[in-house]
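A.B. asks: File follows, target_3.txt with compact mmCIF, C-alpha atoms and all ligand atoms:
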# COMPACT_ATOMS: atom_id res chain seq x y z
CA MET A 315 -150.94 118.18 -68.71
CA SER A 316 -149.20 120.00 -65.91
CA LYS A 317 -150.82 121.88 -63.05
CA GLN A 318 -149.37 125.04 -64.59
CA GLN A 319 -151.28 124.38 -67.83
CA LEU A 320 -154.50 123.87 -65.90
CA ILE A 321 -153.88 127.17 -64.11
CA ASP A 322 -152.89 129.02 -67.30
CA GLN A 323 -155.85 127.85 -69.38
CA GLY A 324 -158.39 126.74 -66.77
CA GLN A 325 -159.76 123.97 -69.03
CA PHE A 326 -160.89 121.71 -66.20
CA LEU A 327 -164.18 120.67 -67.82
CA HIS A 328 -162.58 120.05 -71.21
CA LEU A 329 -159.84 117.92 -69.64
CA SER A 330 -162.34 116.06 -67.46
CA ARG A 331 -164.25 115.10 -70.61
CA THR A 332 -161.32 114.32 -72.91
CA GLN A 333 -158.65 112.99 -70.51
CA PRO A 334 -160.52 111.97 -67.34
CA GLU A 335 -157.59 109.78 -66.27
CA LEU A 336 -155.72 112.99 -65.38
CA PHE A 337 -158.03 113.31 -62.41
CA PHE A 338 -158.40 109.72 -61.25
CA GLN A 339 -156.02 110.51 -58.36
CA PRO A 340 -157.18 113.36 -56.09
CA GLN A 341 -154.94 116.41 -56.25
CA THR A 342 -154.59 119.75 -54.48
CA PHE A 343 -152.64 122.84 -55.42
CA GLU A 344 -152.70 126.56 -54.77
CA LEU A 345 -153.29 129.52 -57.08
CA GLU A 346 -151.22 132.72 -56.91
CA ASN A 347 -154.11 134.47 -55.12
CA GLY A 348 -153.90 131.87 -52.32
CA THR A 349 -157.02 129.92 -53.34
CA ARG A 350 -156.62 126.21 -52.67
CA ILE A 351 -157.87 123.85 -55.38
CA PHE A 352 -158.99 120.32 -54.60
CA ILE A 353 -159.85 118.02 -57.51
CA SER A 354 -161.28 114.75 -56.20
CA ALA A 355 -162.34 113.21 -59.54
CA PRO A 356 -163.08 114.22 -63.14
CA GLY A 357 -165.68 116.99 -63.09
CA ILE A 358 -165.43 117.60 -59.32
CA ILE A 359 -163.45 120.65 -58.20
CA THR A 360 -163.42 122.74 -55.02
CA PHE A 361 -162.11 126.31 -54.58
CA THR A 362 -161.20 127.40 -51.05
CA PRO A 363 -160.07 131.02 -50.68
CA PRO A 364 -157.41 131.83 -48.05
CA GLN A 365 -160.01 133.42 -45.75
CA PRO A 366 -163.41 132.00 -46.69
CA LYS A 367 -166.22 134.42 -45.86
CA GLY A 368 -168.83 131.98 -44.58
CA LYS A 369 -170.79 130.50 -47.49
CA ASP A 370 -170.29 126.94 -48.70
CA ILE A 371 -171.66 127.08 -52.25
CA VAL A 372 -172.35 124.04 -54.44
CA LEU A 373 -173.07 124.58 -58.15
CA SER A 374 -173.96 121.48 -60.12
CA CYS A 375 -174.79 121.08 -63.79
CA GLY A 376 -174.94 118.32 -66.38
CA VAL A 377 -176.72 115.86 -64.09
CA HIS A 378 -178.55 115.49 -67.40
CA GLY A 379 -175.88 115.36 -70.09
CA ASN A 380 -177.75 117.21 -72.82
CA GLU A 381 -178.64 120.26 -70.69
CA THR A 382 -175.75 122.26 -72.03
CA ALA A 383 -176.30 125.92 -71.09
CA PRO A 384 -175.65 125.37 -67.37
CA ILE A 385 -172.58 123.28 -68.25
CA GLU A 386 -171.22 126.16 -70.33
CA ILE A 387 -171.99 128.67 -67.56
CA CYS A 388 -170.25 126.58 -64.86
CA GLY A 389 -167.38 125.70 -67.24
CA ASP A 390 -166.75 129.41 -67.83
CA LEU A 391 -166.86 130.19 -64.09
CA VAL A 392 -164.29 127.46 -63.40
CA VAL A 393 -162.00 128.81 -66.14
CA ALA A 394 -162.27 132.33 -64.68
CA LEU A 395 -161.52 131.09 -61.14
CA LEU A 396 -158.60 128.86 -62.17
CA THR A 397 -156.96 131.53 -64.32
CA GLY A 398 -157.34 134.16 -61.58
CA LYS A 399 -159.72 136.36 -63.61
CA LEU A 400 -162.15 135.93 -60.72
CA SER A 401 -161.31 135.40 -57.04
CA ALA A 402 -163.72 133.50 -54.82
CA SER A 403 -164.71 135.02 -51.49
CA HIS A 404 -166.44 131.82 -50.44
CA ARG A 405 -165.76 128.11 -50.74
CA VAL A 406 -167.28 126.72 -53.95
CA LEU A 407 -167.74 123.16 -55.13
CA PHE A 408 -168.48 122.66 -58.84
CA LEU A 409 -169.97 119.34 -59.92
CA PHE A 410 -170.20 118.45 -63.61
CA GLY A 411 -172.62 115.58 -63.23
CA ASN A 412 -172.82 113.13 -66.10
CA LEU A 413 -169.69 113.44 -68.28
CA PRO A 414 -170.37 110.37 -70.49
CA ALA A 415 -173.92 111.57 -71.21
CA MET A 416 -172.49 114.98 -72.27
CA ASP A 417 -170.30 113.17 -74.81
CA ILE A 418 -173.27 111.47 -76.48
CA GLY A 419 -175.55 114.54 -76.11
CA GLU A 420 -178.18 112.60 -74.18
CA ARG A 421 -180.06 113.09 -70.92
CA PHE A 422 -178.41 109.92 -69.56
CA VAL A 423 -176.64 106.79 -70.73
CA GLU A 424 -178.45 104.04 -68.80
CA GLU A 425 -180.48 105.63 -66.03
CA ASN A 426 -181.79 109.10 -65.12
CA MET A 427 -179.24 110.28 -62.54
CA ASN A 428 -181.65 112.77 -60.99
CA ARG A 429 -183.70 109.91 -59.56
CA LEU A 430 -180.72 108.30 -57.82
CA PHE A 431 -179.92 110.59 -54.89
CA SER A 432 -180.56 110.23 -51.15
CA GLY A 433 -179.13 106.75 -51.42
CA ALA A 434 -181.44 105.54 -54.24
CA HIS A 435 -178.25 104.70 -56.19
CA SER A 436 -177.62 101.77 -53.86
CA LYS A 437 -181.18 100.47 -53.57
CA GLY A 438 -182.69 97.70 -55.74
CA PRO A 439 -179.94 96.31 -57.96
CA GLY A 440 -177.31 98.52 -56.24
CA LEU A 441 -174.36 100.30 -57.83
CA VAL A 442 -174.72 98.47 -61.14
CA ASN A 443 -174.07 101.25 -63.65
CA ASP A 444 -171.99 104.41 -64.10
CA GLU A 445 -174.88 106.74 -63.29
CA ARG A 446 -175.48 105.02 -59.95
CA ARG A 447 -171.78 105.11 -59.06
CA ARG A 448 -171.53 108.75 -60.12
CA ALA A 449 -174.60 109.77 -58.09
CA LYS A 450 -172.92 108.24 -55.04
CA ALA A 451 -169.64 110.03 -55.85
CA LEU A 452 -171.49 113.35 -56.16
CA GLU A 453 -173.18 112.79 -52.81
CA ASP A 454 -169.82 111.92 -51.24
CA ALA A 455 -168.27 115.09 -52.69
CA ILE A 456 -171.00 117.24 -51.13
CA ARG A 457 -170.77 115.42 -47.80
CA HIS A 458 -167.01 115.95 -47.71
CA PHE A 459 -167.28 119.59 -48.81
CA TYR A 460 -169.79 120.53 -46.12
CA ALA A 461 -167.96 118.56 -43.42
CA GLU A 462 -164.74 120.38 -44.25
CA GLY A 463 -166.63 123.69 -44.19
CA ASP A 464 -167.88 122.85 -40.69
CA GLY A 465 -164.26 122.46 -39.59
CA LEU A 466 -163.46 125.89 -41.02
CA GLY A 467 -166.35 127.50 -39.18
CA GLN A 468 -168.40 128.12 -42.31
CA ASN A 469 -171.96 129.00 -41.39
CA TYR A 470 -174.09 128.88 -44.54
CA ARG A 471 -174.81 126.24 -47.19
CA CYS A 472 -176.46 126.43 -50.57
CA HIS A 473 -176.73 124.20 -53.63
CA TYR A 474 -178.10 125.27 -57.01
CA ASP A 475 -178.53 122.29 -59.34
CA LEU A 476 -178.72 123.87 -62.79
CA HIS A 477 -180.80 122.30 -65.57
CA THR A 478 -182.67 123.13 -68.76
CA ALA A 479 -186.09 121.69 -69.62
CA ILE A 480 -186.93 119.37 -72.50
CA ARG A 481 -189.88 121.50 -73.61
CA ALA A 482 -190.40 125.17 -74.20
CA SER A 483 -192.06 126.84 -71.26
CA LYS A 484 -194.59 129.62 -70.84
CA ASN A 485 -192.42 130.74 -67.93
CA GLU A 486 -188.96 130.32 -69.41
CA LYS A 487 -186.92 130.11 -66.20
CA PHE A 488 -188.26 128.35 -63.13
CA ALA A 489 -187.06 126.55 -60.05
CA VAL A 490 -188.22 123.56 -58.04
CA TYR A 491 -188.05 124.27 -54.30
CA PRO A 492 -187.55 120.84 -52.67
CA TYR A 493 -189.94 119.70 -49.94
CA ARG A 494 -189.01 121.31 -46.62
CA HIS A 495 -190.93 119.09 -44.23
CA GLY A 496 -192.96 122.02 -42.92
CA LYS A 497 -190.08 124.49 -42.55
CA PRO A 498 -190.88 127.92 -44.03
CA TRP A 499 -190.11 128.74 -47.65
CA LYS A 500 -187.36 131.38 -47.68
CA THR A 501 -188.32 134.53 -49.55
CA ARG A 502 -184.71 135.75 -49.59
CA GLN A 503 -183.87 132.69 -51.67
CA LEU A 504 -186.65 133.62 -54.06
CA CYS A 505 -185.08 137.07 -54.35
CA PHE A 506 -181.76 135.44 -55.21
CA LEU A 507 -183.47 133.37 -57.91
CA LEU A 508 -185.19 136.47 -59.27
CA ALA A 509 -181.79 138.14 -59.58
CA CYS A 510 -180.84 135.08 -61.72
CA GLY A 511 -183.86 135.79 -63.95
CA VAL A 512 -185.99 133.04 -62.39
CA ASN A 513 -189.46 134.35 -61.47
CA THR A 514 -191.43 131.09 -61.28
CA ILE A 515 -191.20 128.74 -58.33
CA LEU A 516 -192.66 125.25 -57.83
CA LEU A 517 -193.08 124.28 -54.19
CA SER A 518 -192.63 120.54 -53.70
CA ASN A 519 -194.98 118.72 -51.39
CA SER A 520 -193.10 115.46 -50.85
CA PRO A 521 -189.60 113.98 -50.60
CA THR A 522 -187.93 113.03 -53.90
CA THR A 523 -184.71 111.36 -55.02
CA THR A 524 -183.48 114.51 -56.82
CA PHE A 525 -180.10 116.09 -56.20
CA SER A 526 -181.49 119.33 -54.77
CA TYR A 527 -183.70 117.48 -52.27
CA PHE A 528 -180.63 115.53 -51.10
CA SER A 529 -178.70 118.69 -50.17
CA SER A 530 -181.74 120.39 -48.72
CA ASN A 531 -182.83 117.44 -46.63
CA GLU A 532 -179.49 116.03 -45.47
CA PHE A 533 -177.44 119.23 -45.06
CA ASP A 534 -180.09 121.91 -44.59
CA ALA A 535 -178.67 123.70 -47.61
CA ASP A 536 -180.76 126.28 -49.46
CA ALA A 537 -181.13 124.05 -52.50
CA PHE A 538 -183.08 124.26 -55.74
CA THR A 539 -183.38 122.57 -59.10
CA VAL A 540 -183.10 125.57 -61.41
CA GLU A 541 -184.44 125.33 -64.98
CA LEU A 542 -182.78 128.00 -67.09
CA GLY A 543 -184.48 127.53 -70.47
CA LYS A 544 -184.81 124.83 -73.09
CA VAL A 545 -182.37 122.02 -73.87
CA ARG A 546 -180.07 122.82 -76.82
CA PRO A 547 -176.86 121.18 -78.10
CA PHE A 548 -173.46 122.58 -77.07
CA GLY A 549 -172.67 125.81 -78.92
CA GLU A 550 -176.32 126.48 -79.83
CA ASN A 551 -177.34 128.36 -76.69
CA ASP A 552 -178.09 132.06 -76.96
CA MET A 553 -175.86 133.03 -74.05
CA SER A 554 -177.44 136.51 -73.85
CA ARG A 555 -180.46 134.76 -72.28
CA PHE A 556 -178.25 133.71 -69.37
CA GLN A 557 -176.65 137.07 -68.60
CA LYS A 558 -178.49 137.59 -65.31
CA VAL A 559 -177.76 134.11 -63.97
CA ARG A 560 -174.07 134.41 -64.94
CA GLU A 561 -173.77 137.78 -63.22
CA THR A 562 -175.62 136.70 -60.11
CA LEU A 563 -173.68 133.45 -59.68
CA THR A 564 -170.44 135.40 -60.17
CA ALA A 565 -171.52 137.86 -57.48
CA LEU A 566 -172.55 135.01 -55.16
CA ILE A 567 -169.08 133.50 -55.40
CA THR A 568 -166.93 136.62 -55.43
CA GLU A 569 -168.75 139.12 -53.19
CA PRO A 570 -168.56 138.67 -49.41
CA GLU A 571 -172.24 139.75 -49.11
CA LEU A 572 -174.84 139.71 -51.85
CA ALA A 573 -177.11 142.76 -52.12
CA LEU A 574 -180.63 141.67 -53.05
CA PRO A 575 -183.86 143.68 -53.41
CA GLU A 576 -186.72 143.21 -50.94
CA TYR A 577 -189.19 140.39 -51.56
CA ASN A 578 -192.23 141.51 -53.51
CA GLU A 579 -194.89 138.89 -54.11
CA ALA A 580 -195.94 140.55 -57.37
CA ASP A 581 -192.57 139.71 -58.93
CA PHE A 582 -193.23 135.95 -58.81
CA HIS A 583 -195.42 133.17 -60.16
CA ILE A 584 -195.61 130.63 -57.37
CA PHE A 585 -197.12 127.20 -57.82
CA THR A 586 -197.57 124.20 -55.63
CA ILE A 587 -197.49 120.69 -56.97
CA ASN A 588 -200.96 119.17 -57.14
CA GLN A 589 -200.46 115.79 -58.87
CA ILE A 590 -197.40 113.65 -59.45
CA ILE A 591 -198.38 111.27 -62.25
CA ASN A 592 -196.13 108.25 -62.62
CA ARG A 593 -195.96 105.99 -65.65
CA THR A 594 -196.80 102.53 -64.38
CA LYS A 595 -197.61 100.75 -67.67
CA GLU A 596 -195.87 100.39 -71.03
CA ASP A 597 -198.93 101.81 -72.72
CA PHE A 598 -198.85 105.29 -71.12
CA ARG A 599 -200.15 108.18 -73.21
CA LEU A 600 -200.21 111.95 -72.79
CA ASN A 601 -203.28 113.63 -74.17
CA PHE A 602 -201.73 116.83 -75.55
CA ASP A 603 -199.27 117.73 -78.29
CA ASP A 604 -195.54 117.11 -77.90
CA ASP A 605 -194.85 120.82 -78.31
CA THR A 606 -197.29 121.92 -75.57
CA PRO A 607 -195.18 124.21 -73.36
CA ASN A 608 -194.68 123.75 -69.63
CA PHE A 609 -197.22 125.72 -67.54
CA THR A 610 -200.05 125.26 -70.06
CA ASP A 611 -203.30 124.86 -68.13
CA PHE A 612 -206.33 122.79 -69.09
CA PRO A 613 -210.01 122.87 -68.02
CA VAL A 614 -211.20 120.89 -65.01
CA ASP A 615 -211.84 117.22 -65.92
CA TYR A 616 -209.64 117.38 -69.02
CA VAL A 617 -207.91 113.99 -69.42
CA LEU A 618 -204.16 114.71 -69.25
CA ALA A 619 -202.88 111.16 -69.45
CA GLU A 620 -204.07 107.59 -69.64
CA GLU A 621 -202.74 104.12 -69.16
CA PRO A 622 -204.51 100.77 -68.77
CA GLY A 623 -206.53 100.94 -65.58
CA ALA A 624 -206.02 104.68 -64.93
CA VAL A 625 -207.17 108.03 -66.27
CA TYR A 626 -205.48 111.19 -64.97
CA LYS A 627 -207.63 114.32 -65.10
CA VAL A 628 -207.32 117.99 -64.26
CA GLN A 629 -208.70 118.42 -60.73
CA GLN A 630 -208.60 122.17 -60.13
CA GLN A 631 -209.11 125.35 -62.06
CA GLY A 632 -205.80 126.75 -63.31
CA GLU A 633 -204.01 123.40 -62.97
CA ALA A 634 -201.08 123.35 -65.40
CA ILE A 635 -198.63 120.76 -66.69
CA VAL A 636 -194.88 120.66 -66.01
CA PHE A 637 -192.19 118.18 -67.18
CA PRO A 638 -194.46 115.92 -69.27
CA ASN A 639 -192.53 112.93 -70.60
CA ALA A 640 -194.35 109.75 -71.63
CA LYS A 641 -191.08 107.92 -72.24
CA VAL A 642 -189.77 107.79 -68.67
CA ALA A 643 -188.92 104.40 -67.18
CA LEU A 644 -191.80 102.51 -65.59
CA GLY A 645 -192.50 103.75 -62.08
CA GLN A 646 -191.03 107.19 -62.73
CA ARG A 647 -192.67 110.60 -62.89
CA ALA A 648 -194.21 111.25 -66.31
CA LEU A 649 -195.95 114.51 -65.46
CA LEU A 650 -196.40 117.05 -62.70
CA THR A 651 -199.40 119.25 -62.36
CA VAL A 652 -199.19 122.55 -60.51
CA VAL A 653 -201.66 125.12 -59.22
CA PRO A 654 -201.01 128.75 -58.34
CA THR A 655 -200.42 129.47 -54.66
CA ARG A 656 -199.11 132.19 -52.33
CA ILE A 657 -196.54 132.11 -49.58
CA SER A 658 -196.36 134.46 -46.65
CA ALA A 659 -193.20 136.53 -46.34
CA GLU A 660 -191.00 135.63 -43.32
O1 LIG B 1 -188.07 119.09 -68.99
C1 LIG B 1 -188.16 118.02 -68.40
O2 LIG B 1 -189.09 117.22 -68.63
C2 LIG B 1 -187.16 117.64 -67.34
C3 LIG B 1 -186.21 118.73 -66.94
C4 LIG B 1 -185.48 118.24 -65.68
O3 LIG B 1 -184.49 117.59 -65.81
N1 LIG B 1 -186.09 118.52 -64.52
C5 LIG B 1 -185.64 117.93 -63.29
C6 LIG B 1 -186.49 118.46 -62.16
C7 LIG B 1 -186.04 117.90 -60.83
C8 LIG B 1 -186.91 118.31 -59.66
O4 LIG B 1 -188.12 118.01 -59.68
O5 LIG B 1 -186.39 118.92 -58.72
C9 LIG B 1 -185.78 116.43 -63.39
O6 LIG B 1 -186.78 115.96 -63.94
O7 LIG B 1 -184.90 115.74 -62.90
ZN ZN B 2 -182.43 118.19 -66.10
Output the file's structure in the form of structure tokens.
C.D. replies:
Amino acid sequence: MSKQQLIDQGQFLHLSRTQPELFFQPQTFELENGTRIFISAPGIITFTPPQPKGKDIVLSCGVHGNETAPIEICGDLVVALLTGKLSASHRVLFLFGNLPAMDIGERFVEENMNRLFSGAHSKGPGLVNDERRRAKALEDAIRHFYAEGDGLGQNYRCHYDLHTAIRASKNEKFAVYPYRHGKPWKTRQLCFLLACGVNTILLSNSPTTTFSYFSSNEFDADAFTVELGKVRPFGENDMSRFQKVRETLTALITEPELALPEYNEADFHIFTINQIINRTKEDFRLNFDDDTPNFTDFPVDYVLAEEPGAVYKVQQQGEAIVFPNAKVALGQRALLTVVPTRISAE
């Protein structure tokens, strides 16, 4: 593969998956439109326009290997940028998270990568598997990207970590807003998400080891975990359901300034997390059907989950379930519950 072939066809994701050795050595080159490309590893590529307009944008996908729609969306954007069909106005870093898990069509190979950020990759047994090493490499890529942006006088950072959910969802597209340690929730960010077709927001109430919390907490980036629909195999996504997010991400990258409508509370469903229920025993059981969609609510005192020594019940009226998964590793989150809330506009 020559650089010219990569530029002509733009198949960075395909090559990263099929011939990763091509990118084991970092490489830089320039496109005809003056955009500088930096590839630091398979699945990690930065676009720097000749005169970046101020935003340092990180788009990540495939942190869970079977969440294919975001991978296809980001793959297409990279093709368009490499082939010159689109020109970036801002610096953009694309991260295709878990390439081996994509190949086997699974959420992960050995360990859930989205529990390994903010240094968790190196805790306990340390960097003992590919997911741990990759989580560290993704962190390093972001650290380097934002530090370089600082040197160029860039003044704004964001990171959208794109996912799809295991279950169907009453609210198809939703985003987790990482814990902000008391800083205000930004309504302009909610307007951006709405333009992507995301009208449901979960406000986190504690630090986590997710990718979006890492960028938010360590780099003050506007960062979100964005759930764009339900997990489907490659090629089986109805891409018409992603039109708004494709258009809005394209505009974010290519337009110097993004025009967004005013914040209107009535456009959103906003929830705050009420309970984080971890699986602590082998014998952990959820007390509702496997096809119960996210955001289904249950009556007060309804038993949501049980394990030896613990019963987890609904505590508040309107409390609903999100991300239930009885098969997570011991000690990890098996269920979130959320309750409706309001935020005041800035
Ligand atoms: O549908 C599910 O059960 C999981 C979908 C998913 O991968 N969600 C993320 C959310 C991360 C966050 O809370 O910010 C995850 O569980 O890693
Ligand atoms: Zn995911």
A.B. asks: Would you mind telling me which residue in A:Leu600, A:Leu320, A:Leu391, A:Ile567 lies nearest to A:Lys641 when using all atoms listed in the file?
C.D. replies: A:Leu600
A.B. asks: Between A:Ala489, A:Ala479, A:Ala415, A:Ile584, which is the closest to A:Gly379 once you count all atoms listed in the file?
C.D. replies: A:Ala415
A.B. asks: Enumerate as a list of chain:residue names the residues within 8 Å of ligand ZN 2 (chain B), counting all atoms listed in the file.
C.D. replies: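 Every residue with an atom at most 8 Å from ligand ZN 2 (chain B) is listed here: A:Gly376, A:Val377, A:His378, A:Glu381, A:Arg421, A:Asn428, A:Leu476, A:His477, A:Thr478, A:Ala479, A:Ile480, A:Glu541.
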A.B. asks: Quick one: residues within 10 Å of ligand LIG 1 (chain B), with only C-alpha atoms and all ligand atoms, as a ChimeraX atom specification?
C.D. replies: /A:376-381,421,426-430,475-483,489-493,516-518,522-527,537-545,607-608,636-640,642,646-650
A.B. asks: Ranking A:Gln323, A:Gln318, A:Asn531, A:Ser658 by minimum distance to A:Val393 and counting only C-alpha atoms, which one comes first?
C.D. replies: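 The answer is A:Gln323, which sits nearest to A:Val393.
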A.B. asks: How many Å lie between atom CA of A:Ile587 and atom CA of A:Asn519, rounded to one decimal?
C.D. replies: 6.4 Å
A.B. asks: From the list A:Arg593, A:Lys317, A:Arg331, A:Lys627, which residue is nearest A:Ile418 when using all atoms listed in the file?
C.D. replies: A:Arg331
A.B. asks: Would you mind telling me which residue in A:Leu407, A:Ala624, A:Ala634, A:Leu345 lies nearest to A:Glu453 when using all atoms listed in the file?
C.D. replies: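 For A:Glu453, the nearest of the candidates is A:Leu407.
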A.B. asks: In terms of the shortest atom-to-atom distance over only C-alpha atoms, which of A:Thr564, A:Ser529, A:Thr610, A:Asn588 is closest to A:Val653?
C.D. replies: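 So, comparing all the options, the nearest one is A:Asn588.
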A.B. asks: Expressed in Å to a single decimal, how great is the separation between atom CA of A:Ala461 and atom CA of A:Asp444?
C.D. replies: 25.4 Å
A.B. asks: List the spatial neighbours of A:Ser374 as an mmCIF file with C-alpha atoms, keeping the file's coordinate frame - criterion: any atom at most 7 Å away, all atoms listed in the file, same-chain residues fewer than 5 positions off excluded.
C.D. replies:
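result-v1.cif was written with the following content:
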data_model
loop_
_atom_site.group_PDB
_atom_site.id
_atom_site.type_symbol
_atom_site.label_atom_id
_atom_site.label_comp_id
_atom_site.auth_asym_id
_atom_site.auth_seq_id
_atom_site.Cartn_x
_atom_site.Cartn_y
_atom_site.Cartn_z
ATOM 1 C CA PHE A 408 -168.480 122.660 -58.840
ATOM 2 C CA LEU A 409 -169.970 119.340 -59.920
ATOM 3 C CA PHE A 410 -170.200 118.450 -63.610
ATOM 4 C CA GLY A 411 -172.620 115.580 -63.230
ATOM 5 C CA TYR A 474 -178.100 125.270 -57.010
ATOM 6 C CA ASP A 475 -178.530 122.290 -59.340
ATOM 7 C CA LEU A 476 -178.720 123.870 -62.790
#
A.B. asks: Within 9 Å of stretch 397-403 of chain A, counting only C-alpha atoms, which residues show up once you throw out same-chain ones fewer than 6 positions away? Write them as a list in words, please.
C.D. replies: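 Within the cut-off, the hits are Leu320, Ile321, Asp322, Gln323, Gly324, Leu345, Glu346, Asn347, Thr349, Phe361, Thr362, Pro363, Pro364, Gln365, Pro366, Lys367, Gly368, Lys369, Leu391, Thr564, Leu566, Ile567, Thr568, Glu569 and Pro570 of chain A.
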A.B. asks: Would you write out those residues with C-alpha atoms, as a PDB file, in the frame of the given file?
C.D. replies:
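Resulting contents of again-v5.pdb:
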ATOM      1  CA  LEU A 320    -154.500 123.870 -65.900  1.00  0.00           C
ATOM      2  CA  ILE A 321    -153.880 127.170 -64.110  1.00  0.00           C
ATOM      3  CA  ASP A 322    -152.890 129.020 -67.300  1.00  0.00           C
ATOM      4  CA  GLN A 323    -155.850 127.850 -69.380  1.00  0.00           C
ATOM      5  CA  GLY A 324    -158.390 126.740 -66.770  1.00  0.00           C
ATOM      6  CA  LEU A 345    -153.290 129.520 -57.080  1.00  0.00           C
ATOM      7  CA  GLU A 346    -151.220 132.720 -56.910  1.00  0.00           C
ATOM      8  CA  ASN A 347    -154.110 134.470 -55.120  1.00  0.00           C
ATOM      9  CA  THR A 349    -157.020 129.920 -53.340  1.00  0.00           C
ATOM     10  CA  PHE A 361    -162.110 126.310 -54.580  1.00  0.00           C
ATOM     11  CA  THR A 362    -161.200 127.400 -51.050  1.00  0.00           C
ATOM     12  CA  PRO A 363    -160.070 131.020 -50.680  1.00  0.00           C
ATOM     13  CA  PRO A 364    -157.410 131.830 -48.050  1.00  0.00           C
ATOM     14  CA  GLN A 365    -160.010 133.420 -45.750  1.00  0.00           C
ATOM     15  CA  PRO A 366    -163.410 132.000 -46.690  1.00  0.00           C
ATOM     16  CA  LYS A 367    -166.220 134.420 -45.860  1.00  0.00           C
ATOM     17  CA  GLY A 368    -168.830 131.980 -44.580  1.00  0.00           C
ATOM     18  CA  LYS A 369    -170.790 130.500 -47.490  1.00  0.00           C
ATOM     19  CA  LEU A 391    -166.860 130.190 -64.090  1.00  0.00           C
ATOM     20  CA  THR A 564    -170.440 135.400 -60.170  1.00  0.00           C
ATOM     21  CA  LEU A 566    -172.550 135.010 -55.160  1.00  0.00           C
ATOM     22  CA  ILE A 567    -169.080 133.500 -55.400  1.00  0.00           C
ATOM     23  CA  THR A 568    -166.930 136.620 -55.430  1.00  0.00           C
ATOM     24  CA  GLU A 569    -168.750 139.120 -53.190  1.00  0.00           C
ATOM     25  CA  PRO A 570    -168.560 138.670 -49.410  1.00  0.00           C
TER      26      PRO A 570
END
A.B. asks: Excluding A:Leu507 and residues on its chain fewer than 5 positions from it, collect all residues at most 9 Å away from it, counting only C-alpha atoms, and give them as a VMD selection string.
C.D. replies: chain A and resid 488 to 489 502 512 to 514 540 559 562
A.B. asks: Output C-alpha atoms for every residue in the selection just made, as a PDB file, keeping the file's coordinate frame.
C.D. replies:
ATOM      1  CA  PHE A 488    -188.260 128.350 -63.130  1.00  0.00           C
ATOM      2  CA  ALA A 489    -187.060 126.550 -60.050  1.00  0.00           C
ATOM      3  CA  ARG A 502    -184.710 135.750 -49.590  1.00  0.00           C
ATOM      4  CA  VAL A 512    -185.990 133.040 -62.390  1.00  0.00           C
ATOM      5  CA  ASN A 513    -189.460 134.350 -61.470  1.00  0.00           C
ATOM      6  CA  THR A 514    -191.430 131.090 -61.280  1.00  0.00           C
ATOM      7  CA  VAL A 540    -183.100 125.570 -61.410  1.00  0.00           C
ATOM      8  CA  VAL A 559    -177.760 134.110 -63.970  1.00  0.00           C
ATOM      9  CA  THR A 562    -175.620 136.700 -60.110  1.00  0.00           C
TER      10      THR A 562
END
